[in-house]
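J.: This is run_39.pdb (PDB, C-alpha atoms).
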ATOM      1  CA  MET A  23       6.796  12.040  -0.350
ATOM      2  CA  LEU A  24       6.745  11.307   3.383
ATOM      3  CA  VAL A  25       6.363   8.050   5.273
ATOM      4  CA  VAL A  26       3.522   8.355   7.821
ATOM      5  CA  GLY A  27       3.036   4.711   8.735
ATOM      6  CA  LYS A  28       4.083   1.117   8.290
ATOM      7  CA  ILE A  29       1.746  -1.839   7.868
ATOM      8  CA  LEU A  30       2.757  -4.317  10.559
ATOM      9  CA  ARG A  31       0.412  -7.262  10.170
ATOM     10  CA  PRO A  32      -3.182  -8.368   9.610
ATOM     11  CA  HIS A  33      -5.545  -8.308  12.580
ATOM     12  CA  GLY A  34      -8.299 -10.906  12.520
ATOM     13  CA  ILE A  35      -9.614 -12.713   9.465
ATOM     14  CA  ARG A  36     -11.485  -9.951   7.601
ATOM     15  CA  GLY A  37      -8.518  -7.934   6.270
ATOM     16  CA  GLU A  38      -8.058  -5.378   9.034
ATOM     17  CA  LEU A  39      -4.451  -4.192   9.383
ATOM     18  CA  VAL A  40      -2.320  -3.039  12.319
ATOM     19  CA  VAL A  41      -0.388   0.110  11.387
ATOM     20  CA  GLU A  42       2.650   1.589  13.115
ATOM     21  CA  VAL A  43       2.269   5.376  13.303
ATOM     22  CA  ARG A  44       5.116   7.513  11.949
ATOM     23  CA  THR A  45       3.552  10.963  12.153
ATOM     24  CA  ASP A  46       2.980  13.587  14.822
ATOM     25  CA  GLU A  47      -0.683  13.977  13.812
ATOM     26  CA  PRO A  48      -2.015  10.400  13.825
ATOM     27  CA  GLU A  49      -5.688  11.322  14.337
ATOM     28  CA  GLU A  50      -5.544  13.734  11.405
ATOM     29  CA  ARG A  51      -3.507  11.473   9.134
ATOM     30  CA  PHE A  52      -5.380   8.222   9.885
ATOM     31  CA  ALA A  53      -8.956   9.407   9.406
ATOM     32  CA  VAL A  54     -11.722   7.767   7.373
ATOM     33  CA  GLY A  55     -11.267   8.720   3.724
ATOM     34  CA  SER A  56      -7.516   9.369   3.973
ATOM     35  CA  THR A  57      -5.568   8.029   1.005
ATOM     36  CA  PHE A  58      -1.980   6.761   0.970
ATOM     37  CA  ASP A  59       0.515   5.710  -1.627
ATOM     38  CA  VAL A  60       1.969   2.290  -0.813
ATOM     39  CA  GLY A  61       5.727   1.910  -0.816
ATOM     40  CA  PRO A  62       8.414  -0.668  -0.308
ATOM     41  CA  THR A  63       9.711  -1.982   2.983
ATOM     42  CA  GLU A  64      12.477  -0.114   4.787
ATOM     43  CA  GLU A  65      15.042  -2.595   3.498
ATOM     44  CA  LYS A  66      14.208  -1.418  -0.029
ATOM     45  CA  LEU A  67      13.464   2.202   0.846
ATOM     46  CA  GLY A  68      12.629   4.259  -2.194
ATOM     47  CA  SER A  69       9.636   6.022  -3.584
ATOM     48  CA  PRO A  70       6.078   4.629  -3.452
ATOM     49  CA  VAL A  71       5.109   1.965  -5.954
ATOM     50  CA  GLY A  72       1.978   3.735  -7.124
ATOM     51  CA  ALA A  73      -0.747   1.626  -5.524
ATOM     52  CA  LYS A  74      -3.216   3.582  -3.386
ATOM     53  CA  LEU A  75      -5.032   2.628  -0.191
ATOM     54  CA  THR A  76      -8.058   4.469   1.223
ATOM     55  CA  ILE A  77      -9.161   4.183   4.851
ATOM     56  CA  GLU A  78     -12.664   2.757   5.123
ATOM     57  CA  THR A  79     -12.732   2.399   8.928
ATOM     58  CA  VAL A  80     -10.230   3.000  11.696
ATOM     59  CA  ARG A  81     -10.240   2.207  15.391
ATOM     60  CA  TRP A  82      -7.487   2.514  17.953
ATOM     61  CA  HIS A  83      -6.186  -0.389  20.010
ATOM     62  CA  GLN A  84      -3.177  -0.211  22.355
ATOM     63  CA  GLY A  85      -1.986   3.032  20.779
ATOM     64  CA  ARG A  86      -2.072   1.779  17.188
ATOM     65  CA  PRO A  87      -4.700   2.175  14.493
ATOM     66  CA  LEU A  88      -6.486  -0.926  13.241
ATOM     67  CA  ILE A  89      -7.538  -0.056   9.705
ATOM     68  CA  PHE A  90      -9.803  -1.486   7.051
ATOM     69  CA  PHE A  91      -8.704  -0.197   3.650
ATOM     70  CA  ALA A  92     -11.287  -0.153   0.847
ATOM     71  CA  GLU A  93      -8.860  -1.983  -1.458
ATOM     72  CA  VAL A  94      -8.189  -4.864   0.981
ATOM     73  CA  PRO A  95     -11.090  -7.346   0.852
ATOM     74  CA  ASP A  96      -9.696 -10.129   3.069
ATOM     75  CA  ARG A  97      -6.822 -11.447   5.159
ATOM     76  CA  ASN A  98      -5.012 -12.957   2.159
ATOM     77  CA  VAL A  99      -4.641  -9.531   0.535
ATOM     78  CA  ALA A 100      -3.784  -8.027   3.935
ATOM     79  CA  GLU A 101      -0.919 -10.528   4.332
ATOM     80  CA  GLU A 102       0.608  -9.319   1.062
ATOM     81  CA  LEU A 103       0.854  -5.781   2.481
ATOM     82  CA  ARG A 104       2.866  -6.750   5.565
ATOM     83  CA  GLY A 105       5.868  -4.443   6.016
ATOM     84  CA  LEU A 106       4.892  -1.911   3.361
ATOM     85  CA  LEU A 107       5.113   1.808   4.071
ATOM     86  CA  LEU A 108       2.300   4.357   3.795
ATOM     87  CA  TRP A 109       3.302   7.596   2.069
ATOM     88  CA  VAL A 110       1.683  11.021   1.658
ATOM     89  CA  ASP A 111       2.687  14.015  -0.439
ATOM     90  CA  SER A 112       4.496  16.603   1.716
ATOM     91  CA  GLY A 113       2.681  19.339  -0.236
ATOM     92  CA  ASP A 114      -0.587  18.153   1.323
ATOM     93  CA  ILE A 115       0.689  18.733   4.863
ATOM     94  CA  ALA A 116       0.244  22.154   6.431
ATOM     95  CA  ALA A 117       3.283  23.755   8.050
ATOM     96  CA  PRO A 118       3.243  23.795  11.871
ATOM     97  CA  THR A 119       1.895  26.997  13.419
ATOM     98  CA  ASP A 120       4.314  26.849  16.367
ATOM     99  CA  PRO A 121       7.734  28.243  15.324
ATOM    100  CA  ASP A 122       9.432  25.641  17.547
ATOM    101  CA  GLU A 123       7.750  22.697  15.780
ATOM    102  CA  PHE A 124       9.041  21.032  12.649
ATOM    103  CA  HIS A 125       8.003  18.184  10.419
ATOM    104  CA  ASP A 126      10.644  15.508   9.944
ATOM    105  CA  HIS A 127      10.951  16.276   6.231
ATOM    106  CA  GLN A 128      11.854  19.880   7.056
ATOM    107  CA  LEU A 129      14.872  18.744   9.089
ATOM    108  CA  VAL A 130      16.220  15.861   7.014
ATOM    109  CA  GLY A 131      19.068  17.077   4.829
ATOM    110  CA  LEU A 132      19.897  20.162   6.889
ATOM    111  CA  ASP A 133      23.557  20.796   7.694
ATOM    112  CA  VAL A 134      24.512  20.329  11.340
ATOM    113  CA  VAL A 135      27.067  22.746  12.791
ATOM    114  CA  THR A 136      28.261  23.480  16.321
ATOM    115  CA  VAL A 137      27.733  26.861  18.003
ATOM    116  CA  ALA A 138      31.422  27.485  17.204
ATOM    117  CA  GLY A 139      30.642  27.015  13.492
ATOM    118  CA  ASP A 140      32.322  23.623  13.022
ATOM    119  CA  LYS A 141      30.576  21.401  10.474
ATOM    120  CA  VAL A 142      29.391  18.149  12.064
ATOM    121  CA  GLY A 143      27.375  16.550   9.282
ATOM    122  CA  VAL A 144      23.837  16.319   7.911
ATOM    123  CA  VAL A 145      20.511  15.312   9.492
ATOM    124  CA  ALA A 146      19.833  11.830   8.075
ATOM    125  CA  ARG A 147      16.533  11.167   9.864
ATOM    126  CA  ILE A 148      14.590  11.777  13.059
ATOM    127  CA  ASP A 149      14.051   8.989  15.583
ATOM    128  CA  HIS A 150      11.040   9.499  17.823
ATOM    129  CA  ALA A 151      11.941   8.186  21.269
ATOM    130  CA  PRO A 152       9.763   8.291  24.409
ATOM    131  CA  ALA A 153      11.939  10.828  26.264
ATOM    132  CA  SER A 154      12.723  13.107  23.318
ATOM    133  CA  ASP A 155      13.147  13.056  19.579
ATOM    134  CA  MET A 156      16.651  12.309  18.346
ATOM    135  CA  LEU A 157      18.388  13.848  15.355
ATOM    136  CA  VAL A 158      20.300  11.101  13.571
ATOM    137  CA  VAL A 159      23.288  12.928  12.127
ATOM    138  CA  ARG A 160      25.508  11.490   9.397
ATOM    139  CA  LYS A 161      28.853  12.941  10.433
ATOM    140  CA  GLU A 162      31.555  14.110   8.050
ATOM    141  CA  ASP A 163      33.442  10.814   8.601
ATOM    142  CA  ARG A 164      30.250   8.921   7.511
ATOM    143  CA  THR A 165      29.552   7.571  11.016
ATOM    144  CA  MET A 166      26.264   8.337  12.738
ATOM    145  CA  ALA A 167      25.579  10.335  15.883
ATOM    146  CA  LEU A 168      22.395  10.647  17.936
ATOM    147  CA  VAL A 169      21.645  14.168  19.130
ATOM    148  CA  PRO A 170      18.726  14.712  21.544
ATOM    149  CA  PHE A 171      16.398  17.253  19.938
ATOM    150  CA  VAL A 172      16.040  19.463  23.010
ATOM    151  CA  ARG A 173      16.629  23.215  23.225
ATOM    152  CA  ALA A 174      19.641  22.830  25.555
ATOM    153  CA  ILE A 175      21.513  20.866  22.873
ATOM    154  CA  VAL A 176      19.831  22.202  19.713
ATOM    155  CA  PRO A 177      19.421  25.938  20.344
ATOM    156  CA  THR A 178      18.818  26.938  16.710
ATOM    157  CA  VAL A 179      16.976  25.398  13.772
ATOM    158  CA  ASP A 180      17.182  27.520  10.636
ATOM    159  CA  VAL A 181      15.140  25.699   8.006
ATOM    160  CA  ALA A 182      15.355  28.594   5.532
ATOM    161  CA  GLY A 183      19.126  28.795   6.026
ATOM    162  CA  GLY A 184      19.484  25.014   5.717
ATOM    163  CA  ARG A 185      21.172  24.363   9.051
ATOM    164  CA  VAL A 186      20.768  23.112  12.596
ATOM    165  CA  VAL A 187      23.064  24.540  15.266
ATOM    166  CA  ILE A 188      24.001  22.208  18.126
ATOM    167  CA  ASP A 189      25.773  22.740  21.440
ATOM    168  CA  PRO A 190      26.735  19.149  22.267
ATOM    169  CA  PRO A 191      28.048  18.216  25.705
ATOM    170  CA  ASP A 192      31.548  16.757  25.736
ATOM    171  CA  GLY A 193      31.612  13.267  24.257
ATOM    172  CA  LEU A 194      28.128  13.283  22.725
ATOM    173  CA  LEU A 195      29.401  13.111  19.157
ATOM    174  CA  ASP A 196      31.940  10.419  20.052
ATOM    175  CA  LEU A 197      29.396   7.785  21.119
TER     176      LEU A 197
END
Produce structure tokens that represent the structure in this file.

T.:
Amino acid sequence: MLVVGKILRPHGIRGELVVEVRTDEPEERFAVGSTFDVGPTEEKLGSPVGAKLTIETVRWHQGRPLIFFAEVPDRNVAEELRGLLLWVDSGDIAAPTDPDEFHDHQLVGLDVVTVAGDKVGVVARIDHAPASDMLVVRKEDRTMALVPFVRAIVPTVDVAGGRVVIDPPDGLLDL
């Protein structure tokens, strides 16, 4: 299961919700008729709780979708959903056609090694920043490191082999 969005807050009085996008294909993912499993907040991250939400209408405002879900009749119900995550089954998502593109779930859990072959850690998650995506790496000593996901620093991603090869500049892993 993959997180593709987070319900931020109600918008207006009729039950419309503001959703934070957490996918590279927002127009495809947040289309009328799309269905999501509803999961816990990030503080209680786990698997979805089983409830389903179906998009009835969607419109975009300031880069975020404003969504009416069929199962949310009014603002009171919308308030109860604040902070919940929207999940989809990774099996329902087509693999990228570009060999240099990856879905987050393909990278999380991969071993991270340097070009010299030294084990650094494991990809814990991907942070999507304005300048570039960042690999959040849980290092062998259990601390975290941010690695810009750019070809100059990450020359090789071998999903089938279960590893990401990095060529970090001096000091990057010490921050």

J.: How would you write, as a PyMOL selection string, the residues chosen by the PyMOL selection byres ((chain A and resi 58) around 12) on this structure?

T.: chain A and resi 23-29+51-57+59-61+70-77+91-93+106-112+114

J.: Looking at A:Asp96, A:Asp149, A:Asp189, A:Glu49, which one is nearest to Val130 (chain A), with distances taken over all atoms listed in the file?

T.: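 Going through A:Asp96, A:Asp149, A:Asp189, A:Glu49 one by one, the smallest distance to Val130 (chain A) is for A:Asp149.
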
J.: Could you spell out the hits of the PyMOL selection byres ((chain A and resi 182) around 12) on the shown file, as number ranges by chain?

T.: A: 128-129, 132-133, 178-181, 183-186

J.: The PyMOL selection byres ((chain A and resi 158) around 8) - which residues does that actually catch in the file I just gave you? List them as a list in words.

T.: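 This file, filtered by the PyMOL selection byres ((chain A and resi 158) around 8), leaves Val145, Ala146, Arg147, Ile148, Asp149, Met156, Leu157, Val159, Arg160, Met166, Ala167, Leu168 and Val169 of chain A.
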
J.: For a quick check of understanding, using all atoms listed in the file, which of A:Asp155, A:Glu50, A:Glu42, A:Asp196 has the smallest distance to Ile89 (chain A)?

T.: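 Closest candidate: A:Glu42.
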
J.: Any idea what the distance is between CA of His33 (chain A) and CA of His150 (chain A)?

T.: 24.9 Å

J.: What are the centre and the three edge lengths of an axis-aligned box that wraps all atoms of region 23-28 of chain A in the file, given that 4 Å is added to every side, written as JSON and rounded to one decimal in Å?

T.:
{"center_x": 4.9, "center_y": 6.6, "center_z": 4.2, "size_x": 11.8, "size_y": 18.9, "size_z": 17.1}

J.: Would you mind reading off the distance between CA of Pro152 (chain A) and CA of Leu88 (chain A), one decimal, in Å?

T.: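 Between CA of Pro152 (chain A) and CA of Leu88 (chain A) the gap works out to 21.8 Å.
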
J.: Using all atoms listed in the file, find the one residue out of A:Pro87, A:Arg97, A:Arg44, A:Arg173 that sits nearest to Ala151 (chain A).

T.: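 That would be A:Arg44, the residue with the smallest distance to Ala151 (chain A).
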
J.: Go ahead and compute the interatomic distance for CA of Val176 (chain A) and CA of Lys161 (chain A), in Å to one decimal.

T.: 15.9 Å
